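Student: First the structure, then my questions, so here it is.
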Amino acid sequence: MSSEVEEMSANSIKLLAGNSHPELAEAISRRLGIQLSKVGVYQYSNKETSVTIGESIRDEDVYIIQTGTGQQEINDFLMELLIMIHACKVASVRRVTAVIPNFPYARQDKKDKSRAPITAKLVANLLQTAGCDHVITMDLHASQIQGFFRIPVDNLYAEPSILNYIKTKTDLKNAILVSPDAGGAKRVAALADKLDLYFALIHKERQKANEVSRMVLVGDVKGKSCLLIDDMADTCGTLVKATSTLMDHGAKEVIAIVSHGIFSGDAREKLKNSRLSRIVSTNTVPVDLDSDIYDQIDISPTLAEAIRRLHNGESVSYLFANAPV
């Protein structure tokens, strides 16, 4: 009897990749030493999504890697993920985990005006209805999104990888950390404590969404190398205006470091014409930025280690403060 139980419990990791970020999926695959499973994701001429899994995944531990990009395909990729989860469930997998480095619709996490939807909650419901058993994501725009789920959610942090980058690739002795808004002050203060650096804050006033009308600097940045820290760079209007504010107050240089480099709309043009010395992002979303000021932090080791630890029943909290080498 015991041998039968042991045989039942021996299952393996199966990695499935959607079309949103094949490079990240390949990097995770290499890190784990596991080949990506055969899966075909197609669109019919009428734009319906079709999924075909090309090998047996019965009673396996399946991880689907699909991120939310900032481009117009975000809804297609979300639907693709839901169909892949459902396809796995009807193929009798033991457990299916959605690895979503950049959670789609994360900024729509609260009812901030009349008749506004809480779309992040809707996405959580969709994932659970499709049959998702577990979610791995990174640097959620709002941590309370974890409470929208009735299933476990592991919200990993890019902070350890960002700390390593700051220590090795910036002028740390002459640096000051800067938050581009009040909402990110807690994040930047925590980083400043770990690096033993001062931090400054920019207060921004908005007249409408994605458009900043005025910025006020709190702190002294004269002659300093300013590290502008944010969780997301979308249209980059905030980063560019914040950079100008810092440079006008005598900063030596400004380096922007963000977790999710979405760079949608005319962000590339804004960055090209900005006073930024460098912009750095992780590879949670694919970045097509043909700029000599862009640098990237690879977070595939963190995601791969999270998958390995989750499969083996080990603690994932180690990754909250440590970046795998």
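By convention in this document, the chains of the structure tokens carry letters A, B, ... by their order, each chain's residues are numbered from 1, and ligands are numbered from 1 in the order they are shown.
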At a cut-off of 7 Å, using only C-alpha atoms, what residues contact stretch 133-140 of chain A? Leave out same-chain residues fewer than 2 positions from it and give the result as a VMD selection string.

Tutor: chain A and resid 95 to 103 106 131 142 to 143 151 to 158 231

Student: Only N, CA and C atoms, please: the residues just picked out, written as a compact mmCIF listing (two decimals), in the first residue's frame.

Tutor:
```
# COMPACT_ATOMS: atom_id res chain seq x y z
N ARG A 95 -2.34 19.87 -10.22
CA ARG A 95 -2.43 21.26 -9.77
C ARG A 95 -1.94 22.16 -10.90
N VAL A 96 -2.60 23.28 -11.09
CA VAL A 96 -2.17 24.24 -12.10
C VAL A 96 -1.91 25.59 -11.43
N THR A 97 -0.71 26.10 -11.67
CA THR A 97 -0.27 27.38 -11.09
C THR A 97 -0.04 28.38 -12.20
N ALA A 98 -0.65 29.55 -12.09
CA ALA A 98 -0.44 30.62 -13.06
C ALA A 98 0.72 31.49 -12.59
N VAL A 99 1.76 31.57 -13.40
CA VAL A 99 2.91 32.43 -13.10
C VAL A 99 2.72 33.71 -13.91
N ILE A 100 2.30 34.78 -13.22
CA ILE A 100 1.93 36.04 -13.88
C ILE A 100 2.83 37.14 -13.31
N PRO A 101 4.04 37.32 -13.86
CA PRO A 101 4.97 38.30 -13.29
C PRO A 101 4.39 39.71 -13.17
N ASN A 102 3.66 40.15 -14.20
CA ASN A 102 3.00 41.45 -14.15
C ASN A 102 1.49 41.21 -14.21
N PHE A 103 0.81 41.40 -13.07
CA PHE A 103 -0.60 41.07 -12.98
C PHE A 103 -1.44 42.06 -13.78
N ALA A 106 -3.91 45.43 -12.57
CA ALA A 106 -3.58 45.61 -11.15
C ALA A 106 -3.85 47.04 -10.67
N GLY A 131 -10.10 27.51 -13.10
CA GLY A 131 -9.58 26.32 -12.44
C GLY A 131 -8.18 26.48 -11.86
N ALA A 142 -0.90 46.86 -5.91
CA ALA A 142 -1.54 47.00 -4.60
C ALA A 142 -1.58 45.62 -3.95
N SER A 143 -0.96 45.50 -2.77
CA SER A 143 -0.84 44.19 -2.12
C SER A 143 -2.18 43.57 -1.77
N ILE A 151 -7.71 31.39 -3.36
CA ILE A 151 -6.62 30.43 -3.52
C ILE A 151 -5.31 31.10 -3.09
N PRO A 152 -4.25 30.32 -2.82
CA PRO A 152 -2.98 30.94 -2.40
C PRO A 152 -2.38 31.82 -3.50
N VAL A 153 -1.82 32.95 -3.09
CA VAL A 153 -1.13 33.87 -4.00
C VAL A 153 0.24 34.18 -3.41
N ASP A 154 1.30 33.94 -4.17
CA ASP A 154 2.65 34.31 -3.74
C ASP A 154 3.06 35.56 -4.51
N ASN A 155 3.11 36.68 -3.79
CA ASN A 155 3.54 37.94 -4.39
C ASN A 155 5.02 38.12 -4.12
N LEU A 156 5.85 37.82 -5.13
CA LEU A 156 7.30 37.94 -4.99
C LEU A 156 7.72 39.39 -5.15
N TYR A 157 8.95 39.69 -4.74
CA TYR A 157 9.45 41.06 -4.81
C TYR A 157 10.70 41.14 -5.68
N ALA A 158 10.75 42.20 -6.49
CA ALA A 158 11.95 42.46 -7.29
C ALA A 158 13.01 43.16 -6.46
N ASP A 231 7.25 51.26 -9.09
CA ASP A 231 6.88 49.87 -9.38
C ASP A 231 6.55 49.66 -10.84
```

Student: Which residues, written as a list in words, have at least one atom at most 9 Å from A:Ser244, with only C-alpha atoms counted and residues fewer than 6 positions away on the same chain left out?

Tutor: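 Listing them by chain and then by number gives Ser274, Arg275 and Leu276 of chain A.
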
Student: Produce a file of the selected residues containing all heavy atoms, as a CSV table (one decimal), in the first residue's frame.

Tutor:
```csv
chain,number,residue,atom,x,y,z
A,274,SER,N,14.3,62.8,-22.8
A,274,SER,CA,14.3,63.2,-21.3
A,274,SER,C,15.8,63.5,-20.9
A,274,SER,O,16.7,63.3,-21.6
A,274,SER,CB,13.7,62.1,-20.5
A,274,SER,OG,14.6,61.0,-20.4
A,275,ARG,N,15.9,63.9,-19.6
A,275,ARG,CA,17.2,64.1,-19.0
A,275,ARG,C,17.7,63.0,-18.2
A,275,ARG,O,18.6,63.1,-17.4
A,275,ARG,CB,17.1,65.4,-18.2
A,275,ARG,CG,16.7,66.6,-19.0
A,275,ARG,CD,16.2,67.8,-18.2
A,275,ARG,NE,17.2,68.5,-17.5
A,275,ARG,CZ,17.0,69.5,-16.7
A,275,ARG,NH1,15.7,69.9,-16.5
A,275,ARG,NH2,18.0,70.1,-16.0
A,276,LEU,N,17.0,61.8,-18.3
A,276,LEU,CA,17.4,60.6,-17.6
A,276,LEU,C,18.8,60.1,-18.1
A,276,LEU,O,19.1,60.1,-19.3
A,276,LEU,CB,16.4,59.5,-17.9
A,276,LEU,CG,15.2,59.3,-16.9
A,276,LEU,CD1,14.2,58.3,-17.5
A,276,LEU,CD2,15.6,58.9,-15.5
```

Student: Any idea what the distance is between atom CA of A:Phe148 and atom CA of A:Leu24?

Tutor: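 Calculated distance between atom CA of A:Phe148 and atom CA of A:Leu24 is 26.4 Å.
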
Student: Just give me the gap between atom CA of A:Ala242 and atom CA of A:Gly265 in Å, one decimal is fine.

Tutor: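 Spanning atom CA of A:Ala242 to atom CA of A:Gly265 is a straight-line distance of 18.7 Å.
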
Student: Skip stretch 195-200 of chain A itself and residues of its chain fewer than 5 positions away, then list as a PyMOL selection string all residues within 10 Å of it, counting only C-alpha atoms.

Tutor: chain A and resi 163+166-167+172-180+185+188-190+217-221+226-228+246

Student: I need the residue nearest A:Ala192 from this list: A:Leu126, A:Ile229, A:Val325, A:Ala256. Use only C-alpha atoms for the distance.

Tutor: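 Looking only at the distances to A:Ala192, the closest residue turns out to be A:Ile229.
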
Student: Give me, as a list in words, all polymer residues having an atom no more than 12 Å from A:His21, counting only C-alpha atoms and skipping those fewer than 6 positions away in the same chain.

Tutor: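 The residues satisfying every condition are Ala27, Ile28, Ile64, Ile65, Gln66, Thr67, Gly68, Thr69, Gly70, Glu73, Ile74, Phe77, Val99, Ile100, Pro101, Asn102, Asn283, Thr284, Val285, Pro286, Val287, Asp288 and Ser300 of chain A.
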
Student: Please produce a file of those selected residues containing N, CA and C atoms, as a PDB file, in the first residue's frame.

Tutor:
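File written: out_29.pdb
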```
ATOM      1  N   ALA A  27      13.989  31.436 -20.298  1.00  0.00           N
ATOM      2  CA  ALA A  27      14.984  31.680 -19.238  1.00  0.00           C
ATOM      3  C   ALA A  27      14.648  30.875 -17.985  1.00  0.00           C
ATOM      4  N   ILE A  28      13.366  30.825 -17.615  1.00  0.00           N
ATOM      5  CA  ILE A  28      12.935  30.029 -16.464  1.00  0.00           C
ATOM      6  C   ILE A  28      13.176  28.548 -16.732  1.00  0.00           C
ATOM      7  N   ILE A  64       1.952  27.591 -15.692  1.00  0.00           N
ATOM      8  CA  ILE A  64       1.726  28.317 -16.942  1.00  0.00           C
ATOM      9  C   ILE A  64       2.314  29.710 -16.812  1.00  0.00           C
ATOM     10  N   ILE A  65       3.278  30.034 -17.663  1.00  0.00           N
ATOM     11  CA  ILE A  65       3.960  31.332 -17.601  1.00  0.00           C
ATOM     12  C   ILE A  65       3.310  32.283 -18.608  1.00  0.00           C
ATOM     13  N   GLN A  66       2.665  33.297 -18.090  1.00  0.00           N
ATOM     14  CA  GLN A  66       1.962  34.265 -18.939  1.00  0.00           C
ATOM     15  C   GLN A  66       1.911  35.601 -18.191  1.00  0.00           C
ATOM     16  N   THR A  67       2.458  36.631 -18.792  1.00  0.00           N
ATOM     17  CA  THR A  67       2.492  37.926 -18.119  1.00  0.00           C
ATOM     18  C   THR A  67       1.498  38.898 -18.748  1.00  0.00           C
ATOM     19  N   GLY A  68       1.186  39.954 -18.016  1.00  0.00           N
ATOM     20  CA  GLY A  68       0.303  40.996 -18.541  1.00  0.00           C
ATOM     21  C   GLY A  68       1.146  42.098 -19.151  1.00  0.00           C
ATOM     22  N   THR A  69       1.089  42.273 -20.450  1.00  0.00           N
ATOM     23  CA  THR A  69       1.883  43.311 -21.106  1.00  0.00           C
ATOM     24  C   THR A  69       1.098  44.610 -21.147  1.00  0.00           C
ATOM     25  N   GLY A  70       1.786  45.669 -21.504  1.00  0.00           N
ATOM     26  CA  GLY A  70       1.129  46.969 -21.561  1.00  0.00           C
ATOM     27  C   GLY A  70       0.603  47.306 -22.937  1.00  0.00           C
ATOM     28  N   GLU A  73      -2.498  43.765 -26.828  1.00  0.00           N
ATOM     29  CA  GLU A  73      -2.781  42.329 -26.776  1.00  0.00           C
ATOM     30  C   GLU A  73      -3.072  41.834 -25.365  1.00  0.00           C
ATOM     31  N   ILE A  74      -3.080  42.708 -24.389  1.00  0.00           N
ATOM     32  CA  ILE A  74      -3.218  42.268 -22.996  1.00  0.00           C
ATOM     33  C   ILE A  74      -4.483  41.437 -22.790  1.00  0.00           C
ATOM     34  N   PHE A  77      -3.982  37.950 -24.292  1.00  0.00           N
ATOM     35  CA  PHE A  77      -3.110  37.129 -23.464  1.00  0.00           C
ATOM     36  C   PHE A  77      -3.822  36.654 -22.202  1.00  0.00           C
ATOM     37  N   VAL A  99       1.760  31.573 -13.398  1.00  0.00           N
ATOM     38  CA  VAL A  99       2.914  32.433 -13.096  1.00  0.00           C
ATOM     39  C   VAL A  99       2.720  33.715 -13.908  1.00  0.00           C
ATOM     40  N   ILE A 100       2.296  34.783 -13.218  1.00  0.00           N
ATOM     41  CA  ILE A 100       1.935  36.036 -13.876  1.00  0.00           C
ATOM     42  C   ILE A 100       2.834  37.136 -13.312  1.00  0.00           C
ATOM     43  N   PRO A 101       4.040  37.316 -13.858  1.00  0.00           N
ATOM     44  CA  PRO A 101       4.971  38.303 -13.288  1.00  0.00           C
ATOM     45  C   PRO A 101       4.385  39.707 -13.172  1.00  0.00           C
ATOM     46  N   ASN A 102       3.665  40.151 -14.203  1.00  0.00           N
ATOM     47  CA  ASN A 102       2.999  41.452 -14.150  1.00  0.00           C
ATOM     48  C   ASN A 102       1.493  41.210 -14.206  1.00  0.00           C
ATOM     49  N   ASN A 283      12.622  42.156 -16.303  1.00  0.00           N
ATOM     50  CA  ASN A 283      12.046  41.578 -17.523  1.00  0.00           C
ATOM     51  C   ASN A 283      10.736  40.840 -17.227  1.00  0.00           C
ATOM     52  N   THR A 284       9.907  41.419 -16.332  1.00  0.00           N
ATOM     53  CA  THR A 284       8.587  40.836 -16.085  1.00  0.00           C
ATOM     54  C   THR A 284       7.695  40.945 -17.307  1.00  0.00           C
ATOM     55  N   VAL A 285       7.947  41.945 -18.140  1.00  0.00           N
ATOM     56  CA  VAL A 285       7.250  42.076 -19.423  1.00  0.00           C
ATOM     57  C   VAL A 285       8.311  42.235 -20.506  1.00  0.00           C
ATOM     58  N   PRO A 286       8.007  41.838 -21.744  1.00  0.00           N
ATOM     59  CA  PRO A 286       8.998  42.018 -22.814  1.00  0.00           C
ATOM     60  C   PRO A 286       9.200  43.497 -23.102  1.00  0.00           C
ATOM     61  N   VAL A 287      10.464  43.912 -23.192  1.00  0.00           N
ATOM     62  CA  VAL A 287      10.783  45.322 -23.435  1.00  0.00           C
ATOM     63  C   VAL A 287      11.461  45.455 -24.789  1.00  0.00           C
ATOM     64  N   ASP A 288      10.859  46.258 -25.650  1.00  0.00           N
ATOM     65  CA  ASP A 288      11.437  46.530 -26.964  1.00  0.00           C
ATOM     66  C   ASP A 288      11.850  47.999 -26.986  1.00  0.00           C
ATOM     67  N   SER A 300      14.234  36.066 -13.844  1.00  0.00           N
ATOM     68  CA  SER A 300      13.892  34.659 -14.086  1.00  0.00           C
ATOM     69  C   SER A 300      14.445  33.715 -13.010  1.00  0.00           C
TER      70      SER A 300
END
```

Student: May I ask for the distance between atom CA of A:Gly261 and atom CA of A:Ser20, given in Å to one decimal place?

Tutor: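 It comes out at 14.3 Å.
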
Student: Calculated over only C-alpha atoms, which of the candidates A:Asp109, A:Glu55, A:Asp181, A:Glu80 has the smallest distance to A:Thr238?

Tutor: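 Ranked by minimum distance to A:Thr238, first place goes to A:Asp181.
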
Student: So that I can check the surroundings of A:Lys111, please list as a compact mmCIF listing (two decimals) with N, CA and C atoms, in the first residue's frame every protein, DNA and RNA residue that reaches within 12 Å of it, counting only C-alpha atoms and ignoring chain neighbours fewer than 6 positions away.

Tutor:
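Written output follows (result_13.txt):
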```
# COMPACT_ATOMS: atom_id res chain seq x y z
N PRO A 117 -15.37 50.16 -11.93
CA PRO A 117 -15.25 48.72 -11.66
C PRO A 117 -13.98 48.41 -10.87
N ILE A 118 -13.99 47.31 -10.15
CA ILE A 118 -12.78 46.81 -9.50
C ILE A 118 -12.29 45.65 -10.36
N THR A 119 -11.63 45.98 -11.44
CA THR A 119 -11.32 44.99 -12.48
C THR A 119 -10.31 43.95 -12.01
N ALA A 120 -9.41 44.32 -11.11
CA ALA A 120 -8.45 43.35 -10.58
C ALA A 120 -9.18 42.21 -9.87
N LYS A 121 -10.28 42.53 -9.21
CA LYS A 121 -11.10 41.50 -8.55
C LYS A 121 -11.76 40.60 -9.60
```

Student: Residues within 10 Å of stretch 52-54 of chain A, please, as a ChimeraX atom specification. Count only C-alpha atoms; anything in the same chain fewer than 6 positions from it doesn't count.

Tutor: /A:16,37-42,83-84,87-88,91

Student: Keeping only all heavy atoms, write the selected residues as a short mmCIF file (atom, residue, chain, number, x, y, z; two decimals), in the first residue's frame.

Tutor:
```
data_model
loop_
_atom_site.label_atom_id
_atom_site.label_comp_id
_atom_site.auth_asym_id
_atom_site.auth_seq_id
_atom_site.Cartn_x
_atom_site.Cartn_y
_atom_site.Cartn_z
N LEU A 16 4.44 25.32 -19.05
CA LEU A 16 3.73 25.71 -20.27
C LEU A 16 3.92 27.21 -20.46
O LEU A 16 3.87 27.98 -19.49
CB LEU A 16 2.25 25.39 -20.18
CG LEU A 16 1.78 23.98 -20.59
CD1 LEU A 16 2.39 22.93 -19.69
CD2 LEU A 16 0.25 23.89 -20.55
N SER A 37 6.94 22.36 -22.11
CA SER A 37 6.04 21.35 -22.68
C SER A 37 5.49 21.83 -24.03
O SER A 37 5.39 23.04 -24.28
CB SER A 37 4.89 21.05 -21.73
OG SER A 37 5.36 20.47 -20.54
N LYS A 38 5.10 20.86 -24.85
CA LYS A 38 4.56 21.20 -26.17
C LYS A 38 3.14 21.73 -26.03
O LYS A 38 2.26 21.04 -25.52
CB LYS A 38 4.57 19.98 -27.08
CG LYS A 38 5.97 19.44 -27.37
CD LYS A 38 5.91 18.13 -28.12
CE LYS A 38 7.29 17.54 -28.31
NZ LYS A 38 7.23 16.19 -28.94
N VAL A 39 2.95 22.96 -26.45
CA VAL A 39 1.61 23.54 -26.41
C VAL A 39 1.46 24.48 -27.60
O VAL A 39 2.36 25.25 -27.92
CB VAL A 39 1.36 24.29 -25.07
CG1 VAL A 39 2.40 25.36 -24.83
CG2 VAL A 39 -0.02 24.90 -25.01
N GLY A 40 0.33 24.37 -28.27
CA GLY A 40 0.06 25.25 -29.39
C GLY A 40 -1.06 26.21 -29.04
O GLY A 40 -2.13 25.78 -28.61
N VAL A 41 -0.78 27.49 -29.17
CA VAL A 41 -1.80 28.53 -28.91
C VAL A 41 -1.97 29.32 -30.19
O VAL A 41 -1.04 29.95 -30.68
CB VAL A 41 -1.37 29.45 -27.75
CG1 VAL A 41 -2.48 30.45 -27.45
CG2 VAL A 41 -1.04 28.65 -26.51
N TYR A 42 -3.17 29.24 -30.76
CA TYR A 42 -3.42 29.87 -32.05
C TYR A 42 -4.65 30.76 -31.99
O TYR A 42 -5.46 30.68 -31.07
CB TYR A 42 -3.65 28.80 -33.13
CG TYR A 42 -2.66 27.65 -33.10
CD1 TYR A 42 -2.98 26.44 -32.48
CD2 TYR A 42 -1.40 27.79 -33.66
CE1 TYR A 42 -2.08 25.39 -32.44
CE2 TYR A 42 -0.48 26.74 -33.63
CZ TYR A 42 -0.83 25.54 -33.03
OH TYR A 42 0.08 24.52 -32.99
N ILE A 83 -7.89 30.04 -20.98
CA ILE A 83 -8.17 28.84 -21.78
C ILE A 83 -7.12 27.76 -21.51
O ILE A 83 -7.44 26.57 -21.42
CB ILE A 83 -8.25 29.18 -23.28
CG1 ILE A 83 -9.44 30.11 -23.55
CG2 ILE A 83 -8.38 27.92 -24.13
CD1 ILE A 83 -9.50 30.66 -24.97
N MET A 84 -5.85 28.18 -21.34
CA MET A 84 -4.80 27.21 -21.03
C MET A 84 -5.04 26.55 -19.67
O MET A 84 -4.83 25.34 -19.51
CB MET A 84 -3.42 27.89 -21.07
CG MET A 84 -2.96 28.27 -22.47
SD MET A 84 -1.40 29.18 -22.46
CE MET A 84 -0.24 27.86 -22.12
N ALA A 87 -7.84 24.12 -20.14
CA ALA A 87 -7.37 22.96 -20.90
C ALA A 87 -6.60 21.99 -20.00
O ALA A 87 -6.73 20.76 -20.11
CB ALA A 87 -6.48 23.40 -22.06
N CYS A 88 -5.82 22.54 -19.07
CA CYS A 88 -5.07 21.70 -18.14
C CYS A 88 -6.00 20.97 -17.17
O CYS A 88 -5.81 19.79 -16.87
CB CYS A 88 -4.07 22.56 -17.35
SG CYS A 88 -2.69 23.18 -18.33
N ALA A 91 -7.62 18.13 -18.66
CA ALA A 91 -6.64 17.08 -18.97
C ALA A 91 -6.18 16.38 -17.69
O ALA A 91 -5.19 15.64 -17.71
CB ALA A 91 -5.44 17.68 -19.70
#
```

Student: Quick check for you: according to DSSP on this backbone, which residues of stretch 17-206 of chain A are classed as alpha helix (DSSP H)? Reply as a VMD selection string.

Tutor: chain A and resid 22 to 32 74 to 90 119 to 130 159 to 169 185 to 195

Student: Could you make a table, as JSON lines, of the residues of stretch 21-128 of chain A that have an atom within 8 Å of an atom of stretch 302-318 of chain A, each with its nearest atom pair and distance in Å to one decimal, counting only C-alpha atoms, in chain and number order?

Tutor:
```
{"residue": "A:Ile28", "atom": "CA", "partner": "A:Ala304", "partner_atom": "CA", "distance": 5.2}
{"residue": "A:Ser29", "atom": "CA", "partner": "A:Ala304", "partner_atom": "CA", "distance": 7.7}
{"residue": "A:Arg31", "atom": "CA", "partner": "A:Ala304", "partner_atom": "CA", "distance": 6.4}
{"residue": "A:Leu32", "atom": "CA", "partner": "A:Ala304", "partner_atom": "CA", "distance": 6.2}
{"residue": "A:Asp61", "atom": "CA", "partner": "A:His311", "partner_atom": "CA", "distance": 7.3}
{"residue": "A:Tyr63", "atom": "CA", "partner": "A:Ile307", "partner_atom": "CA", "distance": 7.7}
```

Student: Please, could you write that set of residues out with N, CA, C and O atoms as an mmCIF file, in the first residue's frame?

Tutor:
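Output below, filename again-v9.cif:
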```cif
data_model
loop_
_atom_site.group_PDB
_atom_site.id
_atom_site.type_symbol
_atom_site.label_atom_id
_atom_site.label_comp_id
_atom_site.auth_asym_id
_atom_site.auth_seq_id
_atom_site.Cartn_x
_atom_site.Cartn_y
_atom_site.Cartn_z
ATOM 1 N N ILE A 28 13.366 30.825 -17.615
ATOM 2 C CA ILE A 28 12.935 30.029 -16.464
ATOM 3 C C ILE A 28 13.176 28.548 -16.732
ATOM 4 O O ILE A 28 13.635 27.797 -15.861
ATOM 5 N N SER A 29 12.888 28.115 -17.954
ATOM 6 C CA SER A 29 13.092 26.722 -18.352
ATOM 7 C C SER A 29 14.563 26.312 -18.227
ATOM 8 O O SER A 29 14.885 25.254 -17.682
ATOM 9 N N ARG A 31 16.828 27.747 -16.368
ATOM 10 C CA ARG A 31 17.230 27.815 -14.961
ATOM 11 C C ARG A 31 16.829 26.538 -14.208
ATOM 12 O O ARG A 31 17.577 26.024 -13.371
ATOM 13 N N LEU A 32 15.641 26.018 -14.518
ATOM 14 C CA LEU A 32 15.152 24.810 -13.852
ATOM 15 C C LEU A 32 15.703 23.535 -14.487
ATOM 16 O O LEU A 32 15.613 22.460 -13.893
ATOM 17 N N ASP A 61 2.218 18.506 -12.029
ATOM 18 C CA ASP A 61 2.219 19.833 -11.406
ATOM 19 C C ASP A 61 2.545 20.845 -12.504
ATOM 20 O O ASP A 61 3.701 20.974 -12.915
ATOM 21 N N TYR A 63 2.785 24.533 -14.433
ATOM 22 C CA TYR A 63 3.015 25.969 -14.241
ATOM 23 C C TYR A 63 2.896 26.663 -15.600
ATOM 24 O O TYR A 63 3.640 26.350 -16.527
#
```

Student: Hey, which of A:Ser291, A:Ser56, A:Asn125, A:Gln146 ends up closest to A:Lys270? Count only C-alpha atoms.

Tutor: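 Comparing A:Ser291, A:Ser56, A:Asn125, A:Gln146 against A:Lys270, the winner is A:Ser291.
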
Student: Where does DSSP see strand (DSSP E or B) in stretch 32-238 of chain A, if you list the residues as a PyMOL selection string?

Tutor: chain A and resi 36+39-43+49-53+61-65+95-100+134-138+153-156+175-179+199-208+211-218+225-233
